[in-house]
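Shown here: start_31.csv, CSV, C-alpha atoms and all ligand atoms.
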chain,number,residue,atom,x,y,z
A,29,MET,CA,-31.4,-8.8,55.9
A,30,ALA,CA,-27.8,-9.7,55.4
A,31,GLU,CA,-26.5,-9.1,51.9
A,32,ARG,CA,-23.2,-10.1,50.3
A,33,THR,CA,-20.8,-8.1,48.1
A,34,LEU,CA,-17.3,-8.7,46.7
A,35,ILE,CA,-14.3,-6.5,47.2
A,36,ILE,CA,-11.0,-6.7,45.4
A,37,VAL,CA,-8.0,-5.0,47.0
A,38,LYS,CA,-6.0,-4.1,43.9
A,39,PRO,CA,-2.3,-4.6,43.1
A,40,ASP,CA,-1.3,-1.0,44.0
A,41,ALA,CA,-2.7,-1.4,47.6
A,42,VAL,CA,-1.4,-4.9,48.1
A,43,LYS,CA,2.1,-3.7,47.1
A,44,ARG,CA,1.8,-1.0,49.8
A,45,ASN,CA,0.7,-3.5,52.5
A,46,LEU,CA,-2.7,-1.9,52.8
A,47,VAL,CA,-4.8,-5.1,52.9
A,48,GLY,CA,-5.1,-5.1,56.8
A,49,GLU,CA,-5.9,-1.5,57.0
A,50,ILE,CA,-8.5,-1.7,54.2
A,51,LEU,CA,-10.2,-4.9,55.6
A,52,SER,CA,-10.3,-3.4,59.1
A,53,ARG,CA,-12.4,-0.5,57.8
A,54,PHE,CA,-15.1,-3.0,56.8
A,55,LYS,CA,-14.9,-4.9,60.0
A,56,LYS,CA,-15.3,-1.7,62.0
A,57,LYS,CA,-18.5,-1.0,60.1
A,58,GLY,CA,-19.9,-4.4,61.1
A,59,PHE,CA,-19.1,-6.4,58.1
A,60,THR,CA,-18.1,-10.0,58.4
A,61,ILE,CA,-15.7,-11.6,55.9
A,62,SER,CA,-17.1,-14.9,54.7
A,63,LYS,CA,-14.4,-15.8,52.2
A,64,GLN,CA,-11.0,-14.3,51.5
A,65,LYS,CA,-8.1,-15.2,49.2
A,66,MET,CA,-5.1,-13.8,47.5
A,67,LEU,CA,-4.7,-14.4,43.8
A,68,ASN,CA,-3.2,-13.1,40.6
A,69,PHE,CA,-5.8,-12.6,37.8
A,70,THR,CA,-5.0,-14.1,34.5
A,71,THR,CA,-5.8,-12.0,31.4
A,72,GLU,CA,-8.7,-14.3,30.6
A,73,MET,CA,-10.2,-13.9,34.1
A,74,ALA,CA,-9.7,-10.1,33.9
A,75,LYS,CA,-11.4,-9.8,30.6
A,76,GLU,CA,-14.4,-11.8,31.9
A,77,PHE,CA,-14.5,-9.9,35.2
A,78,TYR,CA,-14.5,-6.5,33.5
A,79,SER,CA,-16.5,-7.5,30.4
A,80,ALA,CA,-19.0,-4.7,31.0
A,81,HIS,CA,-16.1,-2.3,30.1
A,82,SER,CA,-14.8,-4.2,27.1
A,83,SER,CA,-15.7,-1.4,24.6
A,84,LYS,CA,-14.2,1.4,26.8
A,85,PRO,CA,-11.0,3.1,25.7
A,86,PHE,CA,-9.4,2.3,29.1
A,87,PHE,CA,-10.2,-1.5,28.9
A,88,ASP,CA,-6.6,-2.7,28.0
A,89,GLU,CA,-5.1,-0.6,30.7
A,90,LEU,CA,-7.6,-1.9,33.2
A,91,VAL,CA,-6.9,-5.6,32.3
A,92,SER,CA,-3.1,-4.9,32.3
A,93,PHE,CA,-3.3,-3.3,35.7
A,94,ILE,CA,-5.5,-5.9,37.5
A,95,THR,CA,-3.2,-8.7,36.2
A,96,SER,CA,0.0,-6.9,37.2
A,97,GLY,CA,0.3,-8.3,40.7
A,98,ASP,CA,-1.5,-10.1,43.6
A,99,VAL,CA,-4.9,-8.9,44.7
A,100,VAL,CA,-7.0,-9.9,47.7
A,101,ALA,CA,-10.6,-10.8,47.0
A,102,ALA,CA,-13.1,-11.0,49.8
A,103,ILE,CA,-16.8,-11.7,50.1
A,104,ILE,CA,-18.1,-9.5,52.8
A,105,GLU,CA,-21.5,-9.5,54.4
A,106,ARG,CA,-24.0,-7.3,56.4
A,107,ASP,CA,-27.3,-5.5,55.7
A,108,ASN,CA,-27.2,-3.1,52.7
A,109,ALA,CA,-23.7,-4.4,51.9
A,110,VAL,CA,-23.6,-3.3,48.3
A,111,SER,CA,-24.6,0.4,48.8
A,112,LEU,CA,-22.7,0.8,52.0
A,113,THR,CA,-19.5,-0.6,50.5
A,114,ARG,CA,-19.8,1.8,47.6
A,115,GLU,CA,-19.9,4.6,50.2
A,116,ILE,CA,-16.9,3.3,52.1
A,117,ILE,CA,-14.7,2.9,48.9
A,118,GLY,CA,-15.6,6.4,47.5
A,119,ASN,CA,-15.6,7.9,44.0
A,120,THR,CA,-13.9,5.9,41.2
A,121,ASN,CA,-11.5,8.7,40.7
A,122,PRO,CA,-9.3,9.2,43.8
A,123,LYS,CA,-9.0,12.9,43.0
A,124,GLU,CA,-12.8,13.2,43.4
A,125,ALA,CA,-13.1,10.8,46.3
A,126,SER,CA,-13.7,12.3,49.8
A,127,ALA,CA,-11.1,12.1,52.5
A,128,GLY,CA,-12.0,9.2,54.8
A,129,THR,CA,-13.0,6.9,51.9
A,130,ILE,CA,-10.6,4.2,50.8
A,131,ARG,CA,-10.0,5.7,47.4
A,132,GLY,CA,-9.8,9.2,48.8
A,133,ASP,CA,-7.1,8.1,51.3
A,134,PHE,CA,-5.1,5.5,49.3
A,135,GLY,CA,-5.9,5.8,45.6
A,136,ILE,CA,-3.2,7.0,43.3
A,137,SER,CA,-5.0,7.4,40.0
A,138,ILE,CA,-8.3,6.3,38.3
A,139,THR,CA,-6.5,3.1,37.3
A,140,GLU,CA,-4.5,2.5,40.5
A,141,ASN,CA,-7.6,3.2,42.7
A,142,SER,CA,-6.8,0.6,45.4
A,143,ILE,CA,-10.1,-1.3,45.5
A,144,HIS,CA,-13.0,-2.6,43.4
A,145,ALA,CA,-16.5,-3.5,44.8
A,146,SER,CA,-19.5,-5.0,43.0
A,147,ASP,CA,-22.0,-2.3,42.0
A,148,SER,CA,-25.1,-4.5,42.2
A,149,SER,CA,-26.1,-8.0,43.3
A,150,GLU,CA,-26.1,-9.0,39.6
A,151,SER,CA,-22.5,-7.9,39.3
A,152,PHE,CA,-21.7,-9.7,42.5
A,153,ASP,CA,-23.0,-13.0,41.2
A,154,LYS,CA,-21.0,-12.7,38.0
A,155,GLU,CA,-17.8,-11.5,39.7
A,156,VAL,CA,-17.9,-14.2,42.4
A,157,ASN,CA,-18.0,-16.8,39.6
A,158,VAL,CA,-14.9,-15.4,38.1
A,159,VAL,CA,-12.9,-15.1,41.3
A,160,PHE,CA,-14.2,-18.0,43.5
A,161,GLN,CA,-15.0,-20.7,40.9
B,201,LIG,P1,-13.4,-0.5,39.3
B,201,LIG,O1,-14.3,-0.1,40.3
B,201,LIG,O2,-12.5,-1.7,39.5
B,201,LIG,O3,-14.3,-0.8,37.9
B,201,LIG,C1,-13.8,-0.4,36.7
B,201,LIG,C2,-12.5,0.3,36.6
B,201,LIG,O4,-12.3,1.0,35.5
B,201,LIG,C3,-12.5,1.4,37.7
B,201,LIG,O5,-12.5,0.8,39.0
B,201,LIG,C4,-11.4,2.2,37.3
B,201,LIG,O6,-10.1,1.7,37.8
B,201,LIG,C5,-11.4,2.0,35.8
B,201,LIG,N1,-11.8,3.3,35.1
B,201,LIG,C6,-13.1,3.8,35.2
B,201,LIG,N2,-13.1,4.9,34.4
B,201,LIG,C7,-11.9,5.1,33.9
B,201,LIG,C8,-11.3,6.0,33.0
B,201,LIG,N3,-12.0,7.1,32.6
B,201,LIG,N4,-10.0,5.9,32.7
B,201,LIG,C9,-9.3,4.9,33.2
B,201,LIG,N5,-9.8,3.9,34.0
B,201,LIG,C10,-11.1,4.0,34.4
As a first step, turn the structure in this file into structure tokens.
Amino acid sequence: MAERTLIIVKPDAVKRNLVGEILSRFKKKGFTISKQKMLNFTTEMAKEFYSAHSSKPFFDELVSFITSGDVVAAIIERDNAVSLTREIIGNTNPKEASAGTIRGDFGISITENSIHASDSSESFDKEVNVVFQ
């Protein structure tokens, strides 16, 4: 059954004109893009979006980076979308991500790691509400 997930192409990748390349990887894997938009997160949106990480030492850096420039958010759809998307994006830390994954190929650092994806359908519901009100 078709499932939806949310991806955010982060400011480091948008600045390097990687949006087309990144979205095409999902299309080639059979995903359809049901909604897409470019936006710049406000601090308030970023704090809500990443609220699960609010007690982490890297929270301020995370909020400051995601608000630093335009991002492209997309709702993408296919069967097993959440888990397949996590495979396609790779390990959170680009240094540990395999070649052929988006973070392995394009990520610069654990903060500038090019892409975010929902880690569960519960996270998807919450994140979509922040990005596509
Ligand atoms: P993302 O998938 O957007 O979800 C949370 C983000 O926190 C993650 O990508 C990383 O960019 C960031 N992150 C996770 N762990 C660390 C860490 N140890 N140091 C700095 N940033 C981190």
May I have a table of the residues of chain A lying at most 12 Å from ligand LIG 201 (chain B), giving each one's closest pair of atoms and their distance in Å to one decimal, counting only C-alpha atoms and all ligand atoms, ordered by chain and ascending residue number, as CSV?
residue,atom,partner,partner_atom,distance
A:Leu34,CA,B:LIG201,O2,11.1
A:Ile35,CA,B:LIG201,O2,9.3
A:Ile36,CA,B:LIG201,O2,7.9
A:Val37,CA,B:LIG201,O2,9.3
A:Lys38,CA,B:LIG201,O2,8.2
A:Pro39,CA,B:LIG201,O2,11.2
A:Asp40,CA,B:LIG201,O6,11.1
A:Ala74,CA,B:LIG201,O2,10.5
A:Lys75,CA,B:LIG201,C1,11.5
A:Phe77,CA,B:LIG201,O2,9.5
A:Tyr78,CA,B:LIG201,C1,6.9
A:Ser79,CA,B:LIG201,C1,9.9
A:Ala80,CA,B:LIG201,C1,8.8
A:His81,CA,B:LIG201,C1,7.2
A:Ser82,CA,B:LIG201,O4,10.2
A:Ser83,CA,B:LIG201,O4,11.7
A:Lys84,CA,B:LIG201,C8,8.2
A:Pro85,CA,B:LIG201,N4,7.6
A:Phe86,CA,B:LIG201,C9,4.9
A:Phe87,CA,B:LIG201,O4,7.4
A:Asp88,CA,B:LIG201,N5,9.5
A:Glu89,CA,B:LIG201,N5,7.3
A:Leu90,CA,B:LIG201,O4,6.0
A:Val91,CA,B:LIG201,O4,9.1
A:Ser92,CA,B:LIG201,O6,11.1
A:Phe93,CA,B:LIG201,O6,8.7
A:Ile94,CA,B:LIG201,O2,8.4
A:Val99,CA,B:LIG201,O2,11.7
A:Ala101,CA,B:LIG201,O2,11.9
A:Thr113,CA,B:LIG201,O1,11.5
A:Arg114,CA,B:LIG201,O1,9.3
A:Ile117,CA,B:LIG201,O1,9.1
A:Gly118,CA,B:LIG201,O1,9.8
A:Asn119,CA,B:LIG201,O1,8.9
A:Thr120,CA,B:LIG201,O5,5.7
A:Asn121,CA,B:LIG201,C4,7.3
A:Pro122,CA,B:LIG201,O6,9.6
A:Ile130,CA,B:LIG201,O1,11.9
A:Arg131,CA,B:LIG201,O5,10.0
A:Gly135,CA,B:LIG201,O6,9.8
A:Ile136,CA,B:LIG201,O6,10.3
A:Ser137,CA,B:LIG201,O6,8.0
A:Ile138,CA,B:LIG201,O6,5.0
A:Thr139,CA,B:LIG201,O6,3.9
A:Glu140,CA,B:LIG201,O6,6.3
A:Asn141,CA,B:LIG201,O6,5.7
A:Ser142,CA,B:LIG201,O6,8.4
A:Ile143,CA,B:LIG201,O2,6.5
A:His144,CA,B:LIG201,O2,4.0
A:Ala145,CA,B:LIG201,O1,6.1
A:Ser146,CA,B:LIG201,O1,7.6
A:Asp147,CA,B:LIG201,O1,8.2
A:Ser148,CA,B:LIG201,O1,11.8
A:Ser151,CA,B:LIG201,O3,10.9
A:Glu155,CA,B:LIG201,O2,11.1
> atom CA of Glu105 of chain A and atom CA of Ala41 of chain A are how many Å apart?
Replying inline: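 Taking atom CA of Glu105 of chain A as the start and atom CA of Ala41 of chain A as the end point, the length is 21.6 Å.
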> Which one is closest to Lys43 of chain A: A:Gly97, A:Gln64, A:Ile104, A:Asn157? Count only C-alpha atoms.
Replying inline: A:Gly97
>> Using Å and a single decimal, report how far atom CA of Leu46 of chain A sits from atom CA of Gln161 of chain A.
In response: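 Going from atom CA of Gln161 of chain A over to atom CA of Leu46 of chain A covers 25.4 Å.
Pairwise distance (atom CA of Ser126 of chain A, atom CA of Gly58 of chain A) equals 21.1 Å.
Of the residues listed (A:Met73, A:Val42, A:Ile116, A:Val110), A:Ile116 shows the shortest atom-to-atom separation from Phe54 of chain A; distances use only C-alpha atoms.
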> Hey, which of A:Val156, A:Leu67, A:Ala109, A:Met29 ends up closest to Lys55 of chain A? Count all atoms listed in the file.
Replying inline: A:Ala109
> Looking at A:Asp133, A:Val158, A:Leu112, A:Ala125, which one is nearest to Thr33 of chain A, with distances taken over only C-alpha atoms?
Replying inline: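 Result for the nearest residue to Thr33 of chain A: A:Leu112.
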